[in-house]
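Data block for model17.cif (mmCIF, C-alpha atoms):
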```cif
data_input
loop_
_atom_site.label_atom_id
_atom_site.label_comp_id
_atom_site.auth_asym_id
_atom_site.auth_seq_id
_atom_site.Cartn_x
_atom_site.Cartn_y
_atom_site.Cartn_z
CA MET Y 1 -13.58 -13.27 22.70
CA GLY Y 2 -17.31 -12.47 22.64
CA ALA Y 3 -16.69 -8.72 22.50
CA LEU Y 4 -14.24 -9.15 19.63
CA LEU Y 5 -16.66 -11.33 17.72
CA THR Y 6 -19.47 -8.84 18.18
CA THR Y 7 -17.25 -6.03 16.95
CA SER Y 8 -16.10 -7.93 13.89
CA LEU Y 9 -19.63 -8.87 12.92
CA ALA Y 10 -20.79 -5.31 13.35
CA CYS Y 11 -17.99 -4.00 11.17
CA SER Y 12 -18.60 -6.56 8.42
CA ALA Y 13 -22.25 -5.55 8.30
CA ILE Y 14 -21.54 -1.84 7.95
CA LYS Y 15 -22.58 -0.63 4.54
CA PRO Y 16 -19.77 0.74 2.39
CA GLU Y 17 -21.60 3.98 1.58
CA ILE Y 18 -20.45 5.39 4.94
CA ALA Y 19 -17.11 6.16 3.23
CA THR Y 20 -16.28 9.84 3.62
CA ALA Y 21 -13.31 9.89 1.23
CA GLN Y 22 -12.46 8.02 -1.94
CA VAL Y 23 -11.21 4.54 -1.19
CA LYS Y 24 -7.90 3.87 -2.94
CA ILE Y 25 -5.90 0.75 -3.72
CA LEU Y 26 -2.31 0.54 -2.46
CA ILE Y 27 -0.88 -2.45 -4.29
CA PRO Y 28 2.56 -3.98 -3.74
CA LEU Y 29 3.27 -4.66 -7.44
CA TYR Y 30 6.16 -7.04 -6.93
CA SER Y 31 5.72 -9.03 -10.13
CA TYR Y 32 8.34 -8.46 -12.84
CA PRO Y 33 7.16 -6.30 -15.77
CA THR Y 34 7.23 -9.00 -18.44
CA TRP Y 35 5.87 -6.76 -21.23
CA TYR Y 36 7.48 -9.12 -23.77
CA ASN Y 37 5.23 -11.96 -22.58
CA PRO Y 38 1.68 -10.56 -22.36
CA PRO Y 39 0.09 -13.60 -20.63
CA THR Y 40 2.27 -13.03 -17.55
CA TYR Y 41 2.32 -9.21 -17.67
CA THR Y 42 -0.17 -7.96 -15.07
CA TRP Y 43 0.86 -4.30 -14.98
CA PRO Y 44 -1.55 -3.25 -17.79
CA GLN Y 45 -4.43 -4.69 -15.73
CA VAL Y 46 -3.41 -2.40 -12.85
CA ALA Y 47 -3.16 0.56 -15.23
CA ALA Y 48 -6.59 -0.22 -16.70
CA ALA Y 49 -8.14 -0.45 -13.23
CA ALA Y 50 -6.90 3.07 -12.46
CA ARG Y 51 -9.60 4.35 -14.80
CA GLN Y 52 -12.15 3.10 -12.27
CA VAL Y 53 -10.45 3.66 -8.91
CA PRO Y 54 -7.41 5.60 -7.66
CA ILE Y 55 -4.42 3.25 -7.54
CA THR Y 56 -1.01 3.64 -5.94
CA ALA Y 57 1.44 0.91 -6.95
CA ILE Y 58 4.70 0.02 -5.22
CA ILE Y 59 7.47 -1.19 -7.53
CA ASN Y 60 10.47 -3.16 -6.29
CA PRO Y 61 13.18 -3.90 -8.87
CA ASN Y 62 15.51 -5.74 -6.48
CA ASN Y 63 14.80 -5.05 -2.80
CA GLY Y 64 15.12 -1.40 -3.81
CA PRO Y 65 16.17 0.39 -7.02
CA ASP Y 66 18.98 -2.13 -7.77
CA ASN Y 67 21.75 0.49 -7.50
CA GLY Y 68 20.95 2.25 -10.73
CA PRO Y 69 18.40 3.39 -13.32
CA PRO Y 70 15.55 1.07 -14.26
CA ASN Y 71 16.35 -1.58 -16.83
CA ARG Y 72 14.36 -1.48 -20.05
CA ASP Y 73 11.66 -3.77 -18.66
CA TYR Y 74 11.03 -1.59 -15.63
CA ALA Y 75 11.22 1.55 -17.77
CA ARG Y 76 8.51 0.09 -20.00
CA GLY Y 77 6.41 -1.01 -17.02
CA ILE Y 78 6.64 2.39 -15.33
CA GLN Y 79 5.56 4.07 -18.57
CA ASP Y 80 2.57 1.75 -18.87
CA LEU Y 81 1.49 2.55 -15.30
CA LYS Y 82 1.93 6.29 -15.82
CA GLN Y 83 -0.17 6.22 -18.98
CA GLY Y 84 -2.95 4.67 -16.90
CA GLY Y 85 -2.70 7.41 -14.25
CA VAL Y 86 -1.27 5.16 -11.54
CA THR Y 87 0.62 6.80 -8.66
CA ILE Y 88 3.96 4.98 -8.32
CA LEU Y 89 6.10 4.49 -5.22
CA GLY Y 90 9.61 3.05 -5.02
CA TYR Y 91 10.34 0.29 -2.49
CA VAL Y 92 13.07 0.95 0.09
CA ALA Y 93 13.91 -1.46 2.94
CA THR Y 94 14.79 -0.02 6.35
CA ASN Y 95 15.18 -3.14 8.54
CA TYR Y 96 13.08 -1.65 11.35
CA GLY Y 97 15.37 1.35 11.73
CA LYS Y 98 18.57 -0.71 11.80
CA ARG Y 99 19.67 -0.21 8.17
CA ASP Y 100 22.38 2.41 7.63
CA ILE Y 101 20.47 5.62 7.01
CA ASN Y 102 22.93 6.67 4.29
CA GLN Y 103 22.13 3.50 2.34
CA VAL Y 104 18.42 4.27 2.67
CA LYS Y 105 18.99 7.80 1.40
CA ALA Y 106 21.11 6.50 -1.47
CA ASP Y 107 18.22 4.29 -2.64
CA ILE Y 108 15.86 7.23 -2.40
CA ASP Y 109 18.22 9.42 -4.42
CA ILE Y 110 18.45 6.79 -7.19
CA TYR Y 111 14.65 6.62 -7.43
CA ALA Y 112 14.43 10.43 -7.45
CA LYS Y 113 17.06 10.82 -10.17
CA HIS Y 114 16.20 7.98 -12.54
CA PHE Y 115 12.72 6.52 -12.00
CA GLN Y 116 10.25 9.44 -12.30
CA LEU Y 117 8.16 8.23 -9.39
CA ASP Y 118 5.62 9.92 -7.11
CA GLY Y 119 6.89 8.80 -3.72
CA ILE Y 120 8.65 6.23 -1.55
CA PHE Y 121 7.43 3.13 0.29
CA LEU Y 122 9.57 2.47 3.36
CA ASP Y 123 9.24 -1.21 4.17
CA GLU Y 124 10.12 -2.97 7.41
CA ALA Y 125 9.36 0.26 9.24
CA ALA Y 126 9.67 0.40 13.01
CA SER Y 127 6.53 1.21 14.98
CA GLY Y 128 7.93 2.30 18.35
CA SER Y 129 8.83 5.82 19.43
CA ASP Y 130 12.54 4.98 19.80
CA LYS Y 131 12.99 5.06 16.01
CA LEU Y 132 11.06 8.26 15.32
CA ASP Y 133 14.18 10.38 14.77
CA TYR Y 134 15.52 7.90 12.20
CA TYR Y 135 12.29 7.95 10.16
CA GLN Y 136 11.76 11.68 10.49
CA ASN Y 137 15.26 12.20 9.11
CA ILE Y 138 14.42 10.01 6.11
CA TYR Y 139 11.05 11.71 5.67
CA LYS Y 140 12.70 15.13 5.49
CA HIS Y 141 15.23 13.81 2.98
CA ILE Y 142 12.47 12.47 0.74
CA LYS Y 143 10.61 15.76 0.91
CA THR Y 144 13.68 17.61 -0.45
CA GLN Y 145 12.94 15.87 -3.76
CA PRO Y 146 10.19 17.93 -5.44
CA LYS Y 147 8.66 15.01 -7.34
CA LEU Y 148 8.51 12.64 -4.36
CA GLN Y 149 5.25 13.79 -2.83
CA MET Y 150 4.16 10.70 -0.88
CA VAL Y 151 5.88 8.76 1.92
CA VAL Y 152 4.29 5.50 3.06
CA LEU Y 153 5.63 3.73 6.15
CA ASN Y 154 4.93 0.01 6.30
CA GLN Y 155 4.85 -0.91 9.96
CA GLY Y 156 2.19 -3.50 9.26
CA THR Y 157 0.96 -3.30 12.85
CA GLN Y 158 -0.14 -0.92 15.62
CA THR Y 159 1.98 2.21 15.38
CA ASP Y 160 3.00 5.09 17.62
CA GLN Y 161 0.86 8.13 16.79
CA GLU Y 162 3.92 10.38 16.60
CA TYR Y 163 4.83 8.90 13.22
CA LEU Y 164 1.99 11.08 11.96
CA THR Y 165 2.36 14.08 14.25
CA ARG Y 166 6.11 14.56 13.74
CA PRO Y 167 5.55 13.73 10.84
CA ALA Y 168 7.68 10.79 9.77
CA GLY Y 169 5.23 9.52 7.15
CA ASP Y 170 2.17 10.62 5.20
CA THR Y 171 0.43 7.24 5.28
CA LEU Y 172 0.97 4.36 7.71
CA VAL Y 173 0.32 0.72 6.86
CA ILE Y 174 -1.17 -0.30 10.19
CA PHE Y 175 -2.09 -3.86 9.20
CA GLU Y 176 -0.28 -6.37 6.99
CA ASN Y 177 -1.41 -9.86 7.83
CA TYR Y 178 -3.66 -12.82 7.13
CA SER Y 179 -7.36 -12.57 6.41
CA THR Y 180 -8.09 -14.48 9.62
CA ALA Y 181 -6.40 -11.76 11.71
CA TRP Y 182 -8.38 -8.90 10.19
CA ASN Y 183 -11.72 -9.54 11.88
CA GLN Y 184 -10.06 -9.59 15.31
CA TYR Y 185 -7.94 -6.52 14.63
CA GLN Y 186 -8.71 -3.53 16.86
CA PRO Y 187 -7.45 -0.20 15.49
CA GLN Y 188 -5.93 2.23 17.96
CA PRO Y 189 -8.34 4.94 19.15
CA TYR Y 190 -6.32 7.78 17.60
CA LEU Y 191 -7.29 6.71 14.06
CA LYS Y 192 -10.63 8.47 14.33
CA ASN Y 193 -8.86 11.79 14.91
CA TYR Y 194 -7.22 11.79 11.47
CA GLN Y 195 -8.32 11.79 7.86
CA PRO Y 196 -8.46 8.27 6.37
CA GLN Y 197 -5.70 8.96 3.80
CA HIS Y 198 -3.19 8.54 6.62
CA PHE Y 199 -3.93 4.82 7.00
CA SER Y 200 -3.58 1.67 4.93
CA CYS Y 201 -4.13 -2.07 5.30
CA LEU Y 202 -2.72 -4.95 3.23
CA ILE Y 203 -4.66 -8.18 3.73
CA HIS Y 204 -3.51 -11.47 2.18
CA THR Y 205 -4.78 -15.05 2.08
CA VAL Y 206 -8.37 -13.83 1.63
CA PRO Y 207 -10.17 -16.90 0.27
CA ASP Y 208 -12.96 -15.51 -1.90
CA ALA Y 209 -14.63 -12.40 -3.29
CA ALA Y 210 -17.34 -12.31 -0.63
CA THR Y 211 -14.76 -12.19 2.17
CA MET Y 212 -12.76 -9.62 0.21
CA LYS Y 213 -15.79 -7.31 0.08
CA GLN Y 214 -16.44 -7.73 3.81
CA HIS Y 215 -12.82 -6.87 4.58
CA ILE Y 216 -12.94 -3.76 2.44
CA ASN Y 217 -16.14 -2.64 4.13
CA GLN Y 218 -14.49 -3.15 7.50
CA ALA Y 219 -11.49 -1.10 6.43
CA VAL Y 220 -13.75 1.77 5.39
CA ALA Y 221 -15.55 1.57 8.73
CA ARG Y 222 -12.18 1.70 10.48
CA ASN Y 223 -11.24 4.99 8.78
CA ILE Y 224 -8.71 3.46 6.37
CA GLN Y 225 -8.45 4.83 2.83
CA TYR Y 226 -5.64 2.84 1.20
CA ILE Y 227 -6.61 -0.82 0.91
CA TYR Y 228 -5.44 -3.96 -0.85
CA VAL Y 229 -6.92 -7.44 -0.47
CA THR Y 230 -5.57 -10.57 -2.18
CA ASP Y 231 -5.97 -14.34 -2.18
CA ASP Y 232 -2.25 -14.71 -2.80
CA SER Y 233 -0.46 -15.96 0.30
CA PRO Y 234 2.92 -16.46 1.95
CA ASP Y 235 1.77 -20.06 2.34
CA HIS Y 236 2.02 -20.60 -1.42
CA PRO Y 237 5.21 -22.24 -2.72
CA ASP Y 238 6.91 -18.94 -3.64
CA LYS Y 239 6.12 -17.53 -0.17
CA ASP Y 240 5.33 -14.10 -1.66
CA PRO Y 241 1.75 -12.80 -1.31
CA TRP Y 242 2.45 -9.72 -3.43
CA ASN Y 243 3.72 -11.04 -6.76
CA SER Y 244 0.41 -11.80 -8.45
CA LEU Y 245 -3.01 -10.20 -8.76
CA PRO Y 246 -5.87 -11.79 -6.82
CA SER Y 247 -8.19 -14.06 -8.78
CA TYR Y 248 -11.01 -11.60 -7.95
CA TRP Y 249 -9.02 -8.50 -8.99
CA GLN Y 250 -11.74 -7.01 -11.18
CA GLU Y 251 -14.41 -7.72 -8.55
CA GLU Y 252 -12.25 -5.88 -6.02
CA VAL Y 253 -11.89 -2.89 -8.33
CA ASN Y 254 -15.64 -2.90 -9.04
CA HIS Y 255 -16.51 -3.05 -5.34
CA ILE Y 256 -14.28 -0.09 -4.47
CA HIS Y 257 -15.64 1.82 -7.46
CA SER Y 258 -19.17 1.21 -6.15
CA ILE Y 259 -18.21 2.44 -2.67
CA ASN Y 260 -16.73 5.61 -4.14
CA GLN Y 261 -19.77 6.25 -6.32
CA LYS Y 262 -22.08 5.97 -3.31
CA ALA Y 263 -19.83 8.27 -1.28
CA GLN Y 264 -19.91 10.89 -4.02
CA LYS Y 265 -23.69 10.72 -4.28
CA SER Y 266 -24.14 11.02 -0.52
CA SER Y 267 -21.87 14.07 -0.43
CA GLY Y 268 -23.76 15.70 -3.28
CA LYS Y 269 -20.78 15.81 -5.64
#
```
Can the structure in the file be given as structure tokens, please?
Amino acid sequence: MGALLTTSLACSAIKPEIATAQVKILIPLYSYPTWYNPPTYTWPQVAAAARQVPITAIINPNNGPDNGPPNRDYARGIQDLKQGGVTILGYVATNYGKRDINQVKADIDIYAKHFQLDGIFLDEAASGSDKLDYYQNIYKHIKTQPKLQMVVLNQGTQTDQEYLTRPAGDTLVIFENYSTAWNQYQPQPYLKNYQPQHFSCLIHTVPDAATMKQHINQAVARNIQYIYVTDDSPDHPDKDPWNSLPSYWQEEVNHIHSINQKAQKSSGK
């Protein structure tokens, strides 16, 4: 316990200017695109933030593409994100390698044909080596679509290194959990051997902006490039931590922007 505490304190104290690559936001944008009701429509805030920091947003019409082209609301939302320069991924569930691979590919094909996206987010991804062939098969299928350039695997936990070396994914979500678990989290040693764009963390139930900034600094120190921190929580009544923006959204964007500015200055760019 003492060693873990020492490590977490050391990481939280690391200054964010040690970033060697631009920190990016990977946001599960699971709120409905209510463009017809501006007070509840958060997608333009995400698009506006992309002017400050690189943002990749995951859209999820209905646990996948909903068996067809986007409805008019999603079509409008996607257009708003694209105008802001947001990279957009389509959500596909895989049930930890147990979902019929042809159903997975069918979802991917619908996104590729109708949604004009930049990549695919494979949720409920397995993390053990026994499912590598399944995910490599899907990865190769995605890469046959010229516009689908990015494949994110959401294991949400420690992951077999071969998912990168095969490869079976371009970016691995190696942590999806509560704020309280983040300080104690110990990344696997192989992370330091790869560029940070291969790793992501999604941290929910983060109580305030100060803790959010500490968590982001820790993620940078742990060689993670794609980050999202929110005070939304599965403990809230709707049980979904990804369907609203955090109350400190703009502070989060500003903090990452500051990290990236310092990184650029230190590299002489």
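Shortest atom-to-atom contact with Ile78 (chain Y) among Y:His114, Y:Arg51, Y:Lys147, Y:Lys24: Y:His114, counting only C-alpha atoms.
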Excluding Thr42 (chain Y) and residues on its chain fewer than 2 positions from it, collect all residues at most 12 Å away from it, counting all atoms listed in the file, and give them as JSON, numbers by chain.
-> {"Y": [29, 30, 31, 32, 33, 34, 35, 36, 37, 38, 39, 40, 44, 45, 46, 47, 48, 49, 77, 80, 81, 243, 244, 245, 246, 247, 249]}
Distance criterion (all atoms listed in the file): nearest to Thr171 (chain Y) out of Y:Ile120, Y:Ala75, Y:Ala209, Y:Ile55 | Y:Ile120
Go ahead and find all residues with at least one atom no further than 10 Å from (-16.7, 3.4, -3.2) in the file's coordinates, using all atoms listed in the file; report them as a PyMOL selection string.
-> chain Y and resi 16-24+53+216-217+220+253-264
Can you give me, as a PyMOL selection string, the residues this file yields under the PyMOL selection byres ((chain Y and resi 180-197) around 6)?
-> chain Y and resi 8+178-179+198-199+223-225
Selection near Met150 (chain Y), 12 Å with only C-alpha atoms, sequence-local residues under 2 positions removed, as a VMD selection string | chain Y and resid 56 to 58 87 to 90 117 to 122 139 to 140 142 to 148 152 to 153 168 to 172 197 to 198
Nearest residue to Asp66 (chain Y) from the set Y:Ala221, Y:Ala106, Y:Leu26, Y:Val173 (distances using only C-alpha atoms) =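 Among Y:Ala221, Y:Ala106, Y:Leu26, Y:Val173, it is Y:Ala106 that comes nearest to Asp66 (chain Y).
Taking CA of Lys105 (chain Y) and CA of Thr159 (chain Y) as the two end points, the separation is 22.7 Å.
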As JSON: centre and edge lengths in Å, one decimal, of the axis-aligned box holding region 167-175 of chain Y with 4 Å per side:
```
{"center_x": 2.8, "center_y": 4.9, "center_z": 8.0, "size_x": 17.8, "size_y": 25.6, "size_z": 13.6}
```
Shortest contact to Leu132 (chain Y), candidates Y:Phe175, Y:Tyr96, Y:Tyr226, Y:Tyr74, atoms counted only C-alpha atoms, goes to Y:Tyr96
Pick from Y:Asp130, Y:Asp73, Y:Asp232, Y:Asp240 nearest to Asp208 (chain Y), counting all atoms listed in the file |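 Checking each of Y:Asp130, Y:Asp73, Y:Asp232, Y:Asp240 against Asp208 (chain Y), counting all atoms listed in the file, the winner is Y:Asp232.
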Between CA of Phe115 (chain Y) and CA of Gln250 (chain Y), what is the distance, to one decimal in Å?
->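 A separation of 28.0 Å between them.
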Select, from Y:Lys113, Y:Gln158, Y:Arg76, Y:Gly64, the residue with the minimum atom-to-atom distance to Tyr41 (chain Y), counting all atoms listed in the file.
->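 For Tyr41 (chain Y), the nearest of the given residues is Y:Arg76.
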When you draw a straight line from CA of Pro167 (chain Y) to CA of Ile101 (chain Y), how long is it in Å?
->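 About the pair CA of Pro167 (chain Y) and CA of Ile101 (chain Y): they are 17.4 Å apart.
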List the residues matched by the PyMOL selection byres ((chain Y and resi 176) around 8) in the displayed structure as a ChimeraX atom specification, ordered by chain and then by residue number.
-> /Y:156-157,173-175,177-178,201-204
Please write the residues picked by the PyMOL selection byres ((chain Y and resi 94) around 8) on this file as JSON, numbers by chain.
-> {"Y": [92, 93, 95, 96, 97, 98, 99, 104, 122, 123, 124, 125]}
Atoms added to region 74-93 of chain Y (N, CA and C atoms), reported as an mmCIF file, in the frame of the given file:
```cif
data_model
loop_
_atom_site.group_PDB
_atom_site.id
_atom_site.type_symbol
_atom_site.label_atom_id
_atom_site.label_comp_id
_atom_site.auth_asym_id
_atom_site.auth_seq_id
_atom_site.Cartn_x
_atom_site.Cartn_y
_atom_site.Cartn_z
ATOM 1 N N TYR Y 74 11.658 -2.458 -16.622
ATOM 2 C CA TYR Y 74 11.030 -1.590 -15.630
ATOM 3 C C TYR Y 74 10.686 -0.228 -16.229
ATOM 4 N N ALA Y 75 11.523 0.270 -17.116
ATOM 5 C CA ALA Y 75 11.220 1.550 -17.770
ATOM 6 C C ALA Y 75 9.918 1.437 -18.552
ATOM 7 N N ARG Y 76 9.741 0.327 -19.240
ATOM 8 C CA ARG Y 76 8.510 0.090 -20.000
ATOM 9 C C ARG Y 76 7.320 -0.055 -19.054
ATOM 10 N N GLY Y 77 7.496 -0.810 -17.972
ATOM 11 C CA GLY Y 77 6.410 -1.010 -17.020
ATOM 12 C C GLY Y 77 5.976 0.284 -16.362
ATOM 13 N N ILE Y 78 6.955 1.104 -15.962
ATOM 14 C CA ILE Y 78 6.640 2.390 -15.330
ATOM 15 C C ILE Y 78 5.860 3.267 -16.298
ATOM 16 N N GLN Y 79 6.274 3.266 -17.564
ATOM 17 C CA GLN Y 79 5.560 4.070 -18.570
ATOM 18 C C GLN Y 79 4.130 3.589 -18.739
ATOM 19 N N ASP Y 80 3.931 2.290 -18.737
ATOM 20 C CA ASP Y 80 2.570 1.750 -18.870
ATOM 21 C C ASP Y 80 1.697 2.159 -17.685
ATOM 22 N N LEU Y 81 2.254 2.125 -16.471
ATOM 23 C CA LEU Y 81 1.490 2.550 -15.300
ATOM 24 C C LEU Y 81 1.160 4.036 -15.374
ATOM 25 N N LYS Y 82 2.136 4.835 -15.754
ATOM 26 C CA LYS Y 82 1.930 6.290 -15.820
ATOM 27 C C LYS Y 82 0.848 6.637 -16.839
ATOM 28 N N GLN Y 83 0.851 5.947 -17.953
ATOM 29 C CA GLN Y 83 -0.170 6.220 -18.980
ATOM 30 C C GLN Y 83 -1.570 5.909 -18.460
ATOM 31 N N GLY Y 84 -1.662 4.999 -17.492
ATOM 32 C CA GLY Y 84 -2.950 4.670 -16.900
ATOM 33 C C GLY Y 84 -3.340 5.600 -15.751
ATOM 34 N N GLY Y 85 -2.417 6.491 -15.353
ATOM 35 C CA GLY Y 85 -2.700 7.410 -14.250
ATOM 36 C C GLY Y 85 -2.444 6.832 -12.878
ATOM 37 N N VAL Y 86 -1.604 5.787 -12.816
ATOM 38 C CA VAL Y 86 -1.270 5.160 -11.540
ATOM 39 C C VAL Y 86 -0.222 6.005 -10.804
ATOM 40 N N THR Y 87 -0.409 6.213 -9.507
ATOM 41 C CA THR Y 87 0.620 6.800 -8.660
ATOM 42 C C THR Y 87 1.636 5.712 -8.332
ATOM 43 N N ILE Y 88 2.937 6.018 -8.452
ATOM 44 C CA ILE Y 88 3.960 4.980 -8.320
ATOM 45 C C ILE Y 88 4.927 5.328 -7.187
ATOM 46 N N LEU Y 89 5.150 4.352 -6.311
ATOM 47 C CA LEU Y 89 6.100 4.490 -5.220
ATOM 48 C C LEU Y 89 7.251 3.513 -5.402
ATOM 49 N N GLY Y 90 8.447 3.922 -4.967
ATOM 50 C CA GLY Y 90 9.610 3.050 -5.020
ATOM 51 C C GLY Y 90 9.848 2.381 -3.672
ATOM 52 N N TYR Y 91 10.111 1.089 -3.700
ATOM 53 C CA TYR Y 91 10.340 0.290 -2.490
ATOM 54 C C TYR Y 91 11.735 0.551 -1.931
ATOM 55 N N VAL Y 92 11.797 0.810 -0.614
ATOM 56 C CA VAL Y 92 13.070 0.950 0.090
ATOM 57 C C VAL Y 92 12.964 0.195 1.416
ATOM 58 N N ALA Y 93 13.889 -0.713 1.671
ATOM 59 C CA ALA Y 93 13.910 -1.460 2.940
ATOM 60 C C ALA Y 93 14.622 -0.643 4.003
#
```
